[in-house]
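Below is one structure, written out as structure tokens; comments come after it.
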Number of protein chains: 2
Amino acid sequence: MPDDIERTVSGIGELAPPERTLMGPGPSDVHPRVLRAMSTPLVGHLDPAFVELMDDVQALLREAFRTDNEWTIPVSGTGSAAMEAAIGNVVEPGETVLVPTNGYFGGRMASMARRAGGDVVEVDAPWGEPLDPGDVADALADHEPDVFGFVHAETSTGVCQPNVAELTAAAHDHDAVVIADAVTSLGGVELRVDEWDIDVAYAGPQKCLSCPPGASPLTLSDAAMDKVLSRDDPPRSWYLDLSLLEGYWGDDRSYHHTAPITNVYALREALRLVAEEGIENRWQRHERLAGALKAGIEAMGLEMNVPDEYWLPSLNAVRVPDGIDDGDVCTALLERYDLEIASGLGDLDGDIFRIGCMGRSARPENVIYTVTALGDVLESMGVAVDPDAGVTAARRALEN
Amino acid sequence: MPDDIERTVSGIGELAPPERTLMGPGPSDVHPRVLRAMSTPLVGHLDPAFVELMDDVQALLREAFRTDNEWTIPVSGTGSAAMEAAIGNVVEPGETVLVPTNGYFGGRMASMARRAGGDVVEVDAPWGEPLDPGDVADALADHEPDVFGFVHAETSTGVCQPNVAELTAAAHDHDAVVIADAVTSLGGVELRVDEWDIDVAYAGPQKCLSCPPGASPLTLSDAAMDKVLSRDDPPRSWYLDLSLLEGYWGDDRSYHHTAPITNVYALREALRLVAEEGIENRWQRHERLAGALKAGIEAMGLEMNVPDEYWLPSLNAVRVPDGIDDGDVCTALLERYDLEIASGLGDLDGDIFRIGCMGRSARPENVIYTVTALGDVLESMGVAVDPDAGVTAARRALEN
């Protein structure tokens, strides 16, 4: 069959990706125990043994989110799928949705809310700054939105939103449902869903949980789920329809779609590591390790883009020195050091490097290596930095 | 911190699922090389090394689909996500969508088409039978649909739709875009996307490709993609918006969402196994192995639910003997033999067993084991079957 022979794809060899150190905005380095979990032979998605594993994952996710929400599940997709599950189910056509403008992911919220049929209104803040509670209160009063979405940890700017409980209280005064983007905070940065009265939160597994992407955490309060289950029309996605997923993750365990079994295995193992460490210890570790990274970066002569009050340990935004092309630096780090960091996005494109310090990547070896490599590459490009001072400062910070 | 101690989830031990033989409607048994690929440390989703792997996967997928479609990608989710990506992008609000009624997945097509804003019309056939080309031609003439969706391999009924080229020709006579559900045929049953003039096809990785679910094949012709890219309004899902995904999988390689990196690794390895075997050899193997399974089932005294002309080798629908509860049989097989098969769905609930024979599960050891176990369990329930005759017939069929 010459047709067959012609069509045979040749030259696609063994899977052999380079060995990277992942200090970008995610994925982060994955623990060997989690990788091993992914090589576990599969059971069916309706197997009683898998149903038990689903219960485990839900219990562990509740612990990580610090919530008692019954409605806590991994969504079958990457973080943006969990984000769209949140917005697409909670927002009904014609509802008003208040979103922030201070980063890339606020913009994505707006796009998803519009596609869900929502009318989007905005509360403004510049990229690189958090929302001001006064501005949020004003926007709530002006627009009386049905839903208020905000980004707890902005991966595009390295800003951690403070005063979350104040924002949710203001939103609830106006009967708005609060959706929090916790993609880059869950498992790495203080996040207290119940205590802070967040109605809906979602996250990515490949950030501070250090789990390969593919099954993404989502939690909804009973009140939020009541809103979802009493919609007039079904949500616009069948795949992400929580009223249908309720049949699978709830008591019925009825078939909806085939869950990404292996990703659920991996998430379970990644969450076991979180539980073993303790969620508060984990927050402290991220602050300590990213603090050492920041100390090293500043001591070498670079500038952080975000003041300490809003600093997001899991994502460090560093000013690109004048006259330097950020892309060239990222490429040099990848090619010469097998080290991944990232450029800026949107309003901060070209202005910042984004250096993650997440989950298993929040380790002394990664921090020291990153400071060393970044200093060396910038020095080789003629930037007046002092890599030795950077490494010394990072080492001292790690000793504390 | 007593609060912390209280919250610690205990009693969630090492990941140790039972070792099953997977002969249900998917997932199928996964090859050790694919499991090993899943334990590979990650690179970033924008790493140049990952971009090369993406090219590999696209090339291998084209070979499996037998298409030259540029637009051939894995969607970041399970098979239903690829299905919704197909329907949600191709169908525009107000368009008429013709779907079949002869199985569970035709119904799902209808639900997704409605959520995309389409007006659904139906071409009827009973569950367990294929579409009649005459009925399809009549429905096309009656409704002049913009889109015609059909199921090539109905996982709920075990029917393989014959005359595909005839259906697509009829649809194209009426300028309808043709979407084929190939979830349970890709990689196991003859499927020729280009030769049969299918515009859009999608599949699940956990069926005949024997890959863990999480990244799901989708292919669109240039004409179909032109329709998608010239929509008046964006599709209702941001996550599955192909015009945005075009930026990531196309030449730009710009960020859209974090791809499920590990699932892409696995799919690449699963597709390498397909390429090594040769796609036509693989179709023949499925027919031969499932043929042995069918011979064993019939020789033991059970009845197939679908005549040979429409028989789907990858999913064998077997009549449940009178007086027997299908769920009891499935449970006994799982508990006593660690063997997964499935019950019927929808119109065939309680009437059939669904026994998969897909990918790596289409092996002599699985076939003989399934015939043996099913015969023994039914015999133990007092059904007049002859397991020995079944095993003998299956063995003989395998010798041919």
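By convention here, the chains of the structure tokens are called A, B, ... in the order presented, each chain's residues are numbered starting at 1, and ligands are numbered starting at 1 in the order presented.
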Chain A contacts on chain B, only C-alpha atoms, 6 Å, as a ChimeraX atom specification: /B:35-36,38-39,77,112,115,213-214,236,238,260
Output N, CA and C atoms for every residue in that selection, as an mmCIF file, in the first residue's frame.
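Final output, part.cif:
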data_model
loop_
_atom_site.group_PDB
_atom_site.id
_atom_site.type_symbol
_atom_site.label_atom_id
_atom_site.label_comp_id
_atom_site.auth_asym_id
_atom_site.auth_seq_id
_atom_site.Cartn_x
_atom_site.Cartn_y
_atom_site.Cartn_z
ATOM 1 N N LEU B 35 2.449 5.383 29.722
ATOM 2 C CA LEU B 35 2.493 5.696 31.159
ATOM 3 C C LEU B 35 3.842 6.325 31.516
ATOM 4 N N ARG B 36 4.898 5.792 30.948
ATOM 5 C CA ARG B 36 6.232 6.328 31.228
ATOM 6 C C ARG B 36 6.343 7.765 30.724
ATOM 7 N N MET B 38 4.125 9.893 30.692
ATOM 8 C CA MET B 38 3.414 10.788 31.609
ATOM 9 C C MET B 38 4.235 11.124 32.844
ATOM 10 N N SER B 39 5.255 10.348 33.123
ATOM 11 C CA SER B 39 6.082 10.664 34.294
ATOM 12 C C SER B 39 7.287 11.520 33.912
ATOM 13 N N GLY B 77 -8.715 19.092 27.029
ATOM 14 C CA GLY B 77 -9.792 18.565 27.843
ATOM 15 C C GLY B 77 -10.088 17.150 27.373
ATOM 16 N N MET B 112 -25.397 20.439 22.845
ATOM 17 C CA MET B 112 -24.312 21.411 22.613
ATOM 18 C C MET B 112 -24.689 22.410 21.517
ATOM 19 N N ARG B 115 -26.982 25.023 22.951
ATOM 20 C CA ARG B 115 -26.252 25.973 23.801
ATOM 21 C C ARG B 115 -25.409 26.932 22.967
ATOM 22 N N PRO B 213 -7.091 10.149 29.266
ATOM 23 C CA PRO B 213 -7.865 11.305 28.804
ATOM 24 C C PRO B 213 -7.287 12.624 29.312
ATOM 25 N N GLY B 214 -7.481 13.688 28.529
ATOM 26 C CA GLY B 214 -7.032 15.019 28.963
ATOM 27 C C GLY B 214 -6.589 15.921 27.821
ATOM 28 N N ARG B 236 -19.200 31.001 22.208
ATOM 29 C CA ARG B 236 -19.631 31.278 23.572
ATOM 30 C C ARG B 236 -18.656 30.767 24.624
ATOM 31 N N TRP B 238 -14.706 30.907 25.762
ATOM 32 C CA TRP B 238 -13.372 31.490 25.568
ATOM 33 C C TRP B 238 -12.337 30.364 25.536
ATOM 34 N N PRO B 260 -2.207 21.230 28.599
ATOM 35 C CA PRO B 260 -1.960 20.114 29.525
ATOM 36 C C PRO B 260 -0.713 19.347 29.060
#
Quick one: everything within 12 Å of Gly250 (chain B), counting only C-alpha atoms, minus sequence neighbours fewer than 2 positions away in the same chain. Send it as number ranges by chain. B: 51, 54-55, 58, 70-73, 242-248, 252-256
Selection export as a short mmCIF file (atom, residue, chain, number, x, y, z; two decimals), in the first residue's frame, atoms kept: C-alpha atoms:
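Written output follows (out_36.cif):
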data_model
loop_
_atom_site.label_atom_id
_atom_site.label_comp_id
_atom_site.auth_asym_id
_atom_site.auth_seq_id
_atom_site.Cartn_x
_atom_site.Cartn_y
_atom_site.Cartn_z
CA VAL B 51 6.58 23.81 20.38
CA MET B 54 3.31 20.18 19.43
CA ASP B 55 4.34 19.94 15.77
CA GLN B 58 -0.14 17.54 14.97
CA GLU B 70 -3.54 22.06 8.79
CA TRP B 71 -6.08 22.53 11.59
CA THR B 72 -5.46 19.35 13.53
CA ILE B 73 -4.83 19.77 17.25
CA LEU B 242 -10.52 28.16 17.98
CA SER B 243 -9.78 31.65 16.70
CA LEU B 244 -7.79 32.21 19.90
CA LEU B 245 -6.30 28.72 19.90
CA GLU B 246 -5.14 29.47 16.37
CA GLY B 247 -2.65 31.89 17.94
CA TYR B 248 -1.15 29.13 20.06
CA ASP B 252 2.43 32.71 16.32
CA ARG B 253 2.72 30.36 19.29
CA SER B 254 1.26 33.10 21.42
CA TYR B 255 -0.11 32.40 24.87
CA HIS B 256 -3.77 31.44 25.16
#
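In this structure, CA of Gly323 (chain A) sits 8.8 Å away from CA of Val383 (chain A).
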Which polymer residues have any atom within 7 Å of an atom of region 373-378 of chain A, counting only C-alpha atoms, with same-chain residues fewer than 6 positions away left out, as a PyMOL selection string? chain A and resi 329+332-333+337+385-387
I need the residues from that last selection saved to file as a PDB file, in the first residue's frame (with C-alpha atoms), if you can.
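result-v8.pdb, freshly written:
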ATOM      1  CA  VAL A 329      17.407  37.551  28.533  1.00  0.00           C
ATOM      2  CA  ALA A 332      19.734  33.233  27.119  1.00  0.00           C
ATOM      3  CA  LEU A 333      18.542  31.820  30.454  1.00  0.00           C
ATOM      4  CA  TYR A 337      20.989  27.626  31.978  1.00  0.00           C
ATOM      5  CA  VAL A 385      24.585  44.344  38.200  1.00  0.00           C
ATOM      6  CA  ASP A 386      26.449  42.672  41.031  1.00  0.00           C
ATOM      7  CA  PRO A 387      25.617  38.960  40.894  1.00  0.00           C
TER       8      PRO A 387
END
Which residues, written as a ChimeraX atom specification, have at least one atom at most 9 Å from region 350-355 of chain B, with only C-alpha atoms counted and residues fewer than 6 positions away on the same chain left out? /B:23-25,155-158,304-305,314-321,325-327,330,340-344,370
Taking only region 117-270 of chain B into account, list the residues labelled strand (DSSP E) by DSSP (computed from the backbone), as an mmCIF file with C-alpha atoms, in the first residue's frame.
data_model
loop_
_atom_site.group_PDB
_atom_site.id
_atom_site.type_symbol
_atom_site.label_atom_id
_atom_site.label_comp_id
_atom_site.auth_asym_id
_atom_site.auth_seq_id
_atom_site.Cartn_x
_atom_site.Cartn_y
_atom_site.Cartn_z
ATOM 1 C CA ASP B 119 -31.808 25.461 16.010
ATOM 2 C CA VAL B 120 -31.752 21.699 16.218
ATOM 3 C CA VAL B 121 -33.570 19.435 13.777
ATOM 4 C CA GLU B 122 -33.319 15.678 13.797
ATOM 5 C CA VAL B 123 -32.948 12.721 11.495
ATOM 6 C CA VAL B 147 -24.429 21.992 9.894
ATOM 7 C CA PHE B 148 -24.927 18.225 9.826
ATOM 8 C CA GLY B 149 -23.515 16.224 12.711
ATOM 9 C CA PHE B 150 -23.399 12.448 12.862
ATOM 10 C CA VAL B 151 -21.760 9.810 15.009
ATOM 11 C CA ALA B 153 -18.932 5.129 16.031
ATOM 12 C CA GLU B 154 -21.767 5.239 18.581
ATOM 13 C CA VAL B 159 -23.093 0.843 15.800
ATOM 14 C CA CYS B 160 -20.595 1.848 13.142
ATOM 15 C CA VAL B 177 -20.749 21.576 7.104
ATOM 16 C CA VAL B 178 -20.268 17.974 8.269
ATOM 17 C CA ILE B 179 -19.133 17.212 11.822
ATOM 18 C CA ALA B 180 -18.267 13.587 12.605
ATOM 19 C CA ASP B 181 -18.051 12.144 16.097
ATOM 20 C CA VAL B 200 -14.737 18.417 11.132
ATOM 21 C CA ALA B 201 -13.980 15.354 13.260
ATOM 22 C CA TYR B 202 -13.128 14.886 16.921
ATOM 23 C CA SER B 216 -8.440 15.265 22.704
ATOM 24 C CA PRO B 217 -8.013 15.135 18.926
ATOM 25 C CA LEU B 218 -9.838 17.597 16.691
ATOM 26 C CA THR B 219 -9.431 18.309 12.988
ATOM 27 C CA LEU B 220 -11.060 20.929 10.750
#
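Taking CA of Asp142 (chain A) as the reference point, CA of Glu166 (chain A) is found at 17.7 Å.
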From region 184-347 of chain B, collect each residue whose DSSP state is helix (DSSP H, G or I) and return the set as a ChimeraX atom specification. /B:222-229,242-249,261-277,279-299,308-310,326-337,346-347
